[in-house]
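Below is my_file18.csv, which holds CSV, C-alpha atoms.
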```csv
chain,number,residue,atom,x,y,z
P,1,MET,CA,55.3,-62.9,-100.7
P,2,ASN,CA,52.3,-65.2,-100.9
P,3,ILE,CA,50.9,-65.7,-104.4
P,4,LEU,CA,48.1,-67.7,-106.0
P,5,ALA,CA,48.8,-68.6,-109.6
P,6,ILE,CA,46.2,-69.7,-112.2
P,7,ASP,CA,46.5,-71.1,-115.7
P,8,THR,CA,43.5,-72.2,-117.7
P,9,SER,CA,44.7,-70.6,-121.0
P,10,ASN,CA,45.1,-74.0,-122.7
P,11,TYR,CA,44.2,-77.6,-122.4
P,12,VAL,CA,46.3,-78.0,-119.3
P,13,MET,CA,44.9,-76.5,-116.1
P,14,GLY,CA,47.3,-75.4,-113.3
P,15,VAL,CA,47.1,-73.8,-109.9
P,16,ALA,CA,49.9,-73.1,-107.5
P,17,VAL,CA,50.5,-71.4,-104.1
P,18,LEU,CA,53.7,-69.7,-103.2
P,19,ARG,CA,54.2,-69.0,-99.5
P,20,ASP,CA,57.0,-66.6,-98.6
P,21,GLY,CA,58.5,-67.2,-102.1
P,22,ALA,CA,58.6,-71.0,-101.7
P,23,VAL,CA,56.3,-73.4,-103.6
P,24,ALA,CA,53.8,-74.6,-101.0
P,25,GLY,CA,51.7,-76.6,-103.4
P,26,GLU,CA,50.9,-77.1,-107.1
P,27,TYR,CA,48.1,-78.8,-109.0
P,28,VAL,CA,48.3,-79.6,-112.7
P,29,THR,CA,46.1,-81.7,-114.9
P,30,ASN,CA,46.1,-82.6,-118.6
P,31,ILE,CA,42.6,-84.0,-119.0
P,32,LYS,CA,39.6,-83.2,-121.1
P,33,LYS,CA,37.3,-81.6,-118.5
P,34,ASN,CA,35.7,-78.2,-118.3
P,35,HIS,CA,38.0,-75.6,-116.6
P,36,SER,CA,35.0,-73.5,-115.6
P,37,ILE,CA,33.7,-76.4,-113.4
P,38,ARG,CA,37.0,-77.5,-112.0
P,39,LEU,CA,39.0,-74.4,-111.4
P,40,MET,CA,37.5,-73.0,-108.2
P,41,PRO,CA,37.3,-76.5,-106.5
P,42,ALA,CA,41.0,-76.9,-107.4
P,43,ILE,CA,41.9,-73.5,-105.9
P,44,ASP,CA,39.9,-74.3,-102.8
P,45,GLN,CA,41.5,-77.7,-102.3
P,46,LEU,CA,45.0,-76.4,-102.8
P,47,MET,CA,44.5,-73.4,-100.5
P,48,ARG,CA,43.2,-75.7,-97.7
P,49,GLU,CA,45.9,-78.3,-98.2
P,50,THR,CA,48.7,-75.6,-98.0
P,51,GLY,CA,47.0,-73.8,-95.1
P,52,MET,CA,46.8,-70.6,-97.0
P,53,LYS,CA,43.9,-68.3,-96.2
P,54,PRO,CA,42.6,-65.9,-98.8
P,55,ASP,CA,43.4,-62.9,-96.7
P,56,GLU,CA,47.0,-64.0,-96.5
P,57,LEU,CA,47.5,-63.7,-100.3
P,58,ASP,CA,49.6,-60.7,-101.5
P,59,ARG,CA,48.8,-61.0,-105.2
P,60,ILE,CA,47.3,-63.3,-107.8
P,61,ALA,CA,49.1,-64.3,-111.0
P,62,VAL,CA,47.3,-65.5,-114.1
P,63,ALA,CA,48.3,-66.7,-117.6
P,64,HIS,CA,46.4,-64.2,-119.9
P,65,GLY,CA,46.9,-65.8,-123.3
P,66,PRO,CA,47.3,-66.5,-126.0
P,67,GLY,CA,45.6,-69.8,-126.1
P,68,SER,CA,42.0,-71.1,-125.9
P,69,TYR,CA,39.6,-68.1,-126.0
P,70,THR,CA,37.3,-69.7,-123.5
P,71,GLY,CA,40.1,-70.9,-121.3
P,72,VAL,CA,41.8,-67.5,-121.2
P,73,ARG,CA,38.5,-65.8,-120.2
P,74,ILE,CA,37.9,-68.3,-117.4
P,75,GLY,CA,41.3,-67.8,-115.8
P,76,LEU,CA,41.2,-64.0,-116.1
P,77,ALA,CA,37.7,-63.7,-114.8
P,78,THR,CA,38.5,-65.8,-111.8
P,79,ALA,CA,41.8,-64.1,-111.0
P,80,LYS,CA,40.3,-60.6,-111.4
P,81,THR,CA,37.2,-61.4,-109.3
P,82,MET,CA,39.3,-62.8,-106.5
P,83,ALA,CA,41.8,-59.9,-106.7
P,84,TRP,CA,38.9,-57.4,-106.6
P,85,THR,CA,37.3,-59.1,-103.7
P,86,LEU,CA,40.5,-59.4,-101.7
P,87,ASP,CA,41.7,-56.0,-102.7
P,88,ILE,CA,45.1,-57.3,-103.9
P,89,PRO,CA,46.9,-56.8,-107.2
P,90,VAL,CA,46.7,-59.3,-110.1
P,91,VAL,CA,49.6,-59.8,-112.5
P,92,GLY,CA,49.1,-61.1,-116.0
P,93,ILE,CA,51.8,-63.4,-117.5
P,94,SER,CA,52.1,-64.4,-121.1
P,95,SER,CA,51.0,-68.0,-121.6
P,96,LEU,CA,53.8,-68.4,-124.2
P,97,GLU,CA,56.4,-67.1,-121.7
P,98,ALA,CA,55.1,-69.5,-119.1
P,99,VAL,CA,55.8,-72.4,-121.4
P,100,ALA,CA,59.1,-70.9,-122.6
P,101,ARG,CA,60.5,-70.8,-119.0
P,102,GLN,CA,60.4,-74.6,-119.0
P,103,GLY,CA,63.5,-74.3,-121.1
P,104,ALA,CA,65.3,-71.5,-119.1
P,105,PHE,CA,68.4,-73.7,-118.7
P,106,PHE,CA,68.7,-74.5,-122.4
P,107,ASP,CA,71.9,-73.0,-124.0
P,108,GLY,CA,70.2,-71.6,-127.1
P,109,TYR,CA,66.9,-70.2,-128.3
P,110,VAL,CA,63.6,-71.3,-126.8
P,111,CYS,CA,60.4,-71.4,-129.0
P,112,PRO,CA,57.1,-72.0,-127.2
P,113,PHE,CA,54.0,-72.4,-129.4
P,114,PHE,CA,50.4,-73.4,-129.4
P,115,ASP,CA,48.5,-74.8,-132.4
P,116,ALA,CA,46.0,-72.3,-133.8
P,117,ARG,CA,44.6,-74.6,-136.5
P,118,ARG,CA,44.9,-74.3,-140.3
P,119,GLY,CA,48.6,-74.5,-140.1
P,120,LEU,CA,48.8,-71.5,-137.8
P,121,VAL,CA,50.5,-71.2,-134.4
P,122,TYR,CA,50.8,-68.7,-131.6
P,123,THR,CA,54.4,-68.4,-130.9
P,124,GLY,CA,57.5,-66.3,-130.0
P,125,LEU,CA,61.2,-66.7,-129.4
P,126,TYR,CA,63.2,-66.3,-126.3
P,127,ASP,CA,66.9,-66.5,-125.4
P,128,GLN,CA,68.4,-68.3,-122.4
P,129,GLU,CA,67.8,-65.3,-120.1
P,130,MET,CA,64.1,-65.3,-121.2
P,131,ASN,CA,64.5,-62.1,-123.2
P,132,VAL,CA,62.2,-61.7,-126.1
P,133,VAL,CA,64.1,-62.3,-129.4
P,134,LYS,CA,61.0,-62.4,-131.7
P,135,GLU,CA,57.7,-60.9,-130.5
P,136,GLU,CA,54.7,-63.1,-130.0
P,137,THR,CA,52.7,-63.6,-133.1
P,138,ASN,CA,50.0,-65.6,-134.9
P,139,VAL,CA,51.7,-67.0,-138.0
P,140,LEU,CA,51.9,-69.9,-140.4
P,141,MET,CA,54.2,-72.5,-138.8
P,142,GLU,CA,56.0,-73.2,-142.1
P,143,ASP,CA,56.8,-69.5,-142.5
P,144,TRP,CA,57.9,-69.2,-138.8
P,145,LEU,CA,60.2,-72.3,-139.1
P,146,GLU,CA,61.9,-70.7,-142.1
P,147,GLU,CA,62.7,-67.7,-140.0
P,148,LEU,CA,64.1,-69.9,-137.2
P,149,ALA,CA,66.1,-71.9,-139.7
P,150,ALA,CA,67.8,-68.7,-140.9
P,151,LEU,CA,69.2,-68.3,-137.4
P,152,GLU,CA,71.4,-71.4,-137.9
P,153,ALA,CA,71.4,-72.1,-134.2
P,154,PRO,CA,69.8,-74.7,-131.9
P,155,VAL,CA,66.2,-74.0,-131.0
P,156,LEU,CA,64.3,-75.8,-128.2
P,157,PHE,CA,60.7,-76.3,-129.0
P,158,VAL,CA,58.2,-76.5,-126.1
P,159,SER,CA,54.5,-77.1,-126.7
P,160,GLN,CA,51.6,-79.2,-125.6
P,161,ASP,CA,50.9,-79.4,-129.4
P,162,LEU,CA,54.4,-80.6,-130.4
P,163,ALA,CA,53.0,-83.8,-132.1
P,164,VAL,CA,51.0,-81.7,-134.6
P,165,HIS,CA,54.0,-79.9,-136.0
P,166,GLN,CA,56.9,-82.2,-135.1
P,167,ASP,CA,57.6,-83.6,-138.6
P,168,LEU,CA,57.7,-80.1,-140.1
P,169,ILE,CA,60.0,-78.8,-137.4
P,170,VAL,CA,62.5,-81.6,-138.0
P,171,GLU,CA,62.2,-81.1,-141.7
P,172,LYS,CA,62.9,-77.4,-141.6
P,173,LEU,CA,65.5,-77.3,-138.8
P,174,GLY,CA,67.2,-80.7,-138.9
P,175,ASP,CA,69.8,-81.1,-136.1
P,176,ASN,CA,69.1,-77.6,-134.8
P,177,ALA,CA,65.6,-78.7,-133.7
P,178,VAL,CA,65.8,-79.8,-130.0
P,179,LEU,CA,62.7,-81.6,-128.8
P,180,PRO,CA,62.6,-82.3,-125.0
P,181,SER,CA,60.6,-85.1,-123.3
P,182,ALA,CA,56.9,-84.7,-122.4
P,183,PRO,CA,57.1,-83.1,-118.9
P,184,TYR,CA,58.8,-80.0,-120.3
P,185,HIS,CA,56.0,-79.1,-122.7
P,186,PHE,CA,53.5,-77.9,-120.1
P,187,ALA,CA,53.5,-74.6,-118.2
P,188,ARG,CA,54.1,-74.8,-114.5
P,189,PRO,CA,51.8,-72.5,-112.5
P,190,SER,CA,54.5,-72.3,-109.8
P,191,ILE,CA,56.8,-70.7,-112.4
P,192,ILE,CA,54.0,-68.3,-113.3
P,193,ALA,CA,53.8,-67.3,-109.6
P,194,ALA,CA,57.6,-66.9,-109.4
P,195,VAL,CA,57.7,-64.6,-112.4
P,196,ALA,CA,54.8,-62.6,-111.1
P,197,ALA,CA,56.6,-62.0,-107.8
P,198,ASP,CA,59.2,-59.9,-109.7
P,199,LYS,CA,56.8,-58.1,-111.9
P,200,GLU,CA,55.1,-54.8,-111.2
P,201,PRO,CA,51.3,-55.2,-111.1
P,202,GLY,CA,49.2,-53.1,-113.5
P,203,ASN,CA,45.7,-51.7,-113.2
P,204,LEU,CA,43.2,-54.5,-112.5
P,205,HIS,CA,40.7,-53.2,-115.1
P,206,GLU,CA,43.4,-52.8,-117.8
P,207,LEU,CA,44.3,-56.5,-117.7
P,208,VAL,CA,42.7,-58.1,-120.7
P,209,PRO,CA,43.1,-61.3,-122.7
P,210,ASN,CA,46.0,-61.5,-125.1
P,211,TYR,CA,44.4,-63.3,-127.9
P,212,LEU,CA,46.9,-62.3,-130.6
P,213,ARG,CA,44.0,-62.6,-133.1
P,214,LEU,CA,40.3,-62.0,-132.8
P,215,PRO,CA,38.0,-64.9,-132.1
P,216,GLU,CA,36.6,-66.2,-135.3
P,217,ALA,CA,33.0,-65.2,-134.5
P,218,GLU,CA,34.1,-61.6,-133.8
P,219,ALA,CA,36.2,-61.4,-136.9
P,220,LYS,CA,33.3,-62.6,-139.1
P,221,TRP,CA,31.0,-60.0,-137.4
P,222,LEU,CA,33.4,-57.2,-138.1
P,223,GLU,CA,33.8,-58.3,-141.7
P,224,GLN,CA,30.0,-58.3,-142.1
P,225,GLN,CA,29.9,-54.8,-140.7
P,226,ARG,CA,32.5,-53.5,-143.1
P,227,ASN,CA,30.6,-55.1,-146.0
P,228,LYS,CA,27.4,-53.4,-145.2
```

Let me see whether you can do it: turn the structure in this file into structure tokens.
Amino acid sequence: MNILAIDTSNYVMGVAVLRDGAVAGEYVTNIKKNHSIRLMPAIDQLMRETGMKPDELDRIAVAHGPGSYTGVRIGLATAKTMAWTLDIPVVGISSLEAVARQGAFFDGYVCPFFDARRGLVYTGLYDQEMNVVKEETNVLMEDWLEELAALEAPVLFVSQDLAVHQDLIVEKLGDNAVLPSAPYHFARPSIIAAVAADKEPGNLHELVPNYLRLPEAEAKWLEQQRNK
């Protein structure tokens, strides 16, 4: 199966091409530049370098959040437009699951998270087989860590935002907090593609961003409407 994978849901941007199930190419950057400007040139370059033609693709995989509201929309809009044009299915993969799979060989729980500001995080909990132990949520990190501490078991934390919460993690979990080195904290688009290969595609028009919470502007607008 030939798959193009896209991830712009957070600060890191990633694109990968799988040809017949093997990783033909992968492009990942962790730099402060606009995804909307860089995504299509990155896809075009990777497709050309791997010799993959658009009409050879069987499906497209995309990280659909949670994460940056703008980033999630960019990735989804690009993936859905390409899928519609090429008449192929698109598969949405949780951005948290994509990061969690970096710890798939860890013998214990895996906790991916993204900083959501004001002490909040987007997070969830997985076991070694990548089964969901605790559903994805938007929660205060301190409250979440107390839940994890109650498990009294090793937890691997994977996140591009680890430095923001590292001290609190160690304070709450002590020796049960496992913090890997830098390369393990970023989602690999090739893994997103591999997961999508085994997942049943849904309806193209029903694939929507998984924000976990409303964008702040939308939440304020709804509150204003309720107060009228």

My list of candidates is P:His165, P:Arg59, P:Ala187, P:Ile6. Which is closest to Leu76 in chain P when distances are computed with all atoms listed in the file?
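Result for the nearest residue to Leu76 in chain P: P:Ile6.
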
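Taking CA of Val90 in chain P and CA of Ile3 in chain P as endpoints, the distance between them is 9.5 Å.
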
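Taking all atoms listed in the file into account, Lys33 in chain P lies nearest to P:Tyr11 out of the set P:Tyr11, P:Ala194, P:Met47, P:Leu151.
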
What residues have an atom no more than 12 Å from (40.3, -63.9, -108.0) in the file's own frame, counting only C-alpha atoms, and can you write them as a ChimeraX atom specification?
/P:3-6,39-40,43-44,54-55,57-62,74-91,204

How many Å separate CA of Gly108 in chain P from CA of Pro66 in chain P?
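Between these atoms lies a distance of 23.5 Å.
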
Quick one: everything within 9 Å of Val23 in chain P, counting only C-alpha atoms, minus sequence neighbours fewer than 6 positions away in the same chain. Send it as a PyMOL selection string.
chain P and resi 16-17+190+193-194

Taking C-alpha atoms for each residue, export the selection above as a short mmCIF file (atom, residue, chain, number, x, y, z; two decimals), in the frame of the given file.
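In the end it all went to part_17.cif:
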```cif
data_model
loop_
_atom_site.label_atom_id
_atom_site.label_comp_id
_atom_site.auth_asym_id
_atom_site.auth_seq_id
_atom_site.Cartn_x
_atom_site.Cartn_y
_atom_site.Cartn_z
CA ALA P 16 49.90 -73.10 -107.50
CA VAL P 17 50.50 -71.40 -104.10
CA SER P 190 54.50 -72.30 -109.80
CA ALA P 193 53.80 -67.30 -109.60
CA ALA P 194 57.60 -66.90 -109.40
#
```

Among the residues P:Asp167, P:Asp198, P:Asp161, P:Glu135, the one that comes closest to Leu212 in chain P [using only C-alpha atoms]
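Looking at the shortest contact to Leu212 in chain P, the residue is P:Glu135.
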
Would you mind listing what lies within 9 Å of His185 in chain P as an NGL selection string, with all atoms listed in the file counted and same-chain residues fewer than 4 positions away left out?
:P and (99-100 or 102 or 112 or 157-162 or 180-181)

Find the residues near Gly21 in chain P: any atom within 7 Å, counting all atoms listed in the file, skip ones fewer than 3 places away on the same chain, and give them as a PyMOL selection string.
chain P and resi 1-2+18

If you count only C-alpha atoms, which residues fall within 12 Å of Asp107 in chain P, apart from same-chain ones fewer than 3 positions away, as a ChimeraX atom specification?
/P:103-104,110,126-130,153-156,178

Tell me which of P:Ile93, P:Leu168, P:Leu125, P:Ala149 sits closest to Pro201 in chain P, counting only C-alpha atoms.
P:Ile93

Determine the nearest neighbour of Ala163 in chain P from the options P:Ala182, P:Met13, P:Ile37, P:Ala63, counting only C-alpha atoms.
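Nearest to Ala163 in chain P: P:Ala182.
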
Residues around (48.5, -85.0, -119.7), cut-off 9 Å, counting all atoms listed in the file - what are they as a VMD selection string?
chain P and resid 11 to 12 28 to 31 160 182 to 183 186

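Proximity ranking of P:Arg118, P:His35, P:Arg73, P:Arg19 relative to Thr50 in chain P places P:Arg19 first, based on only C-alpha atoms.
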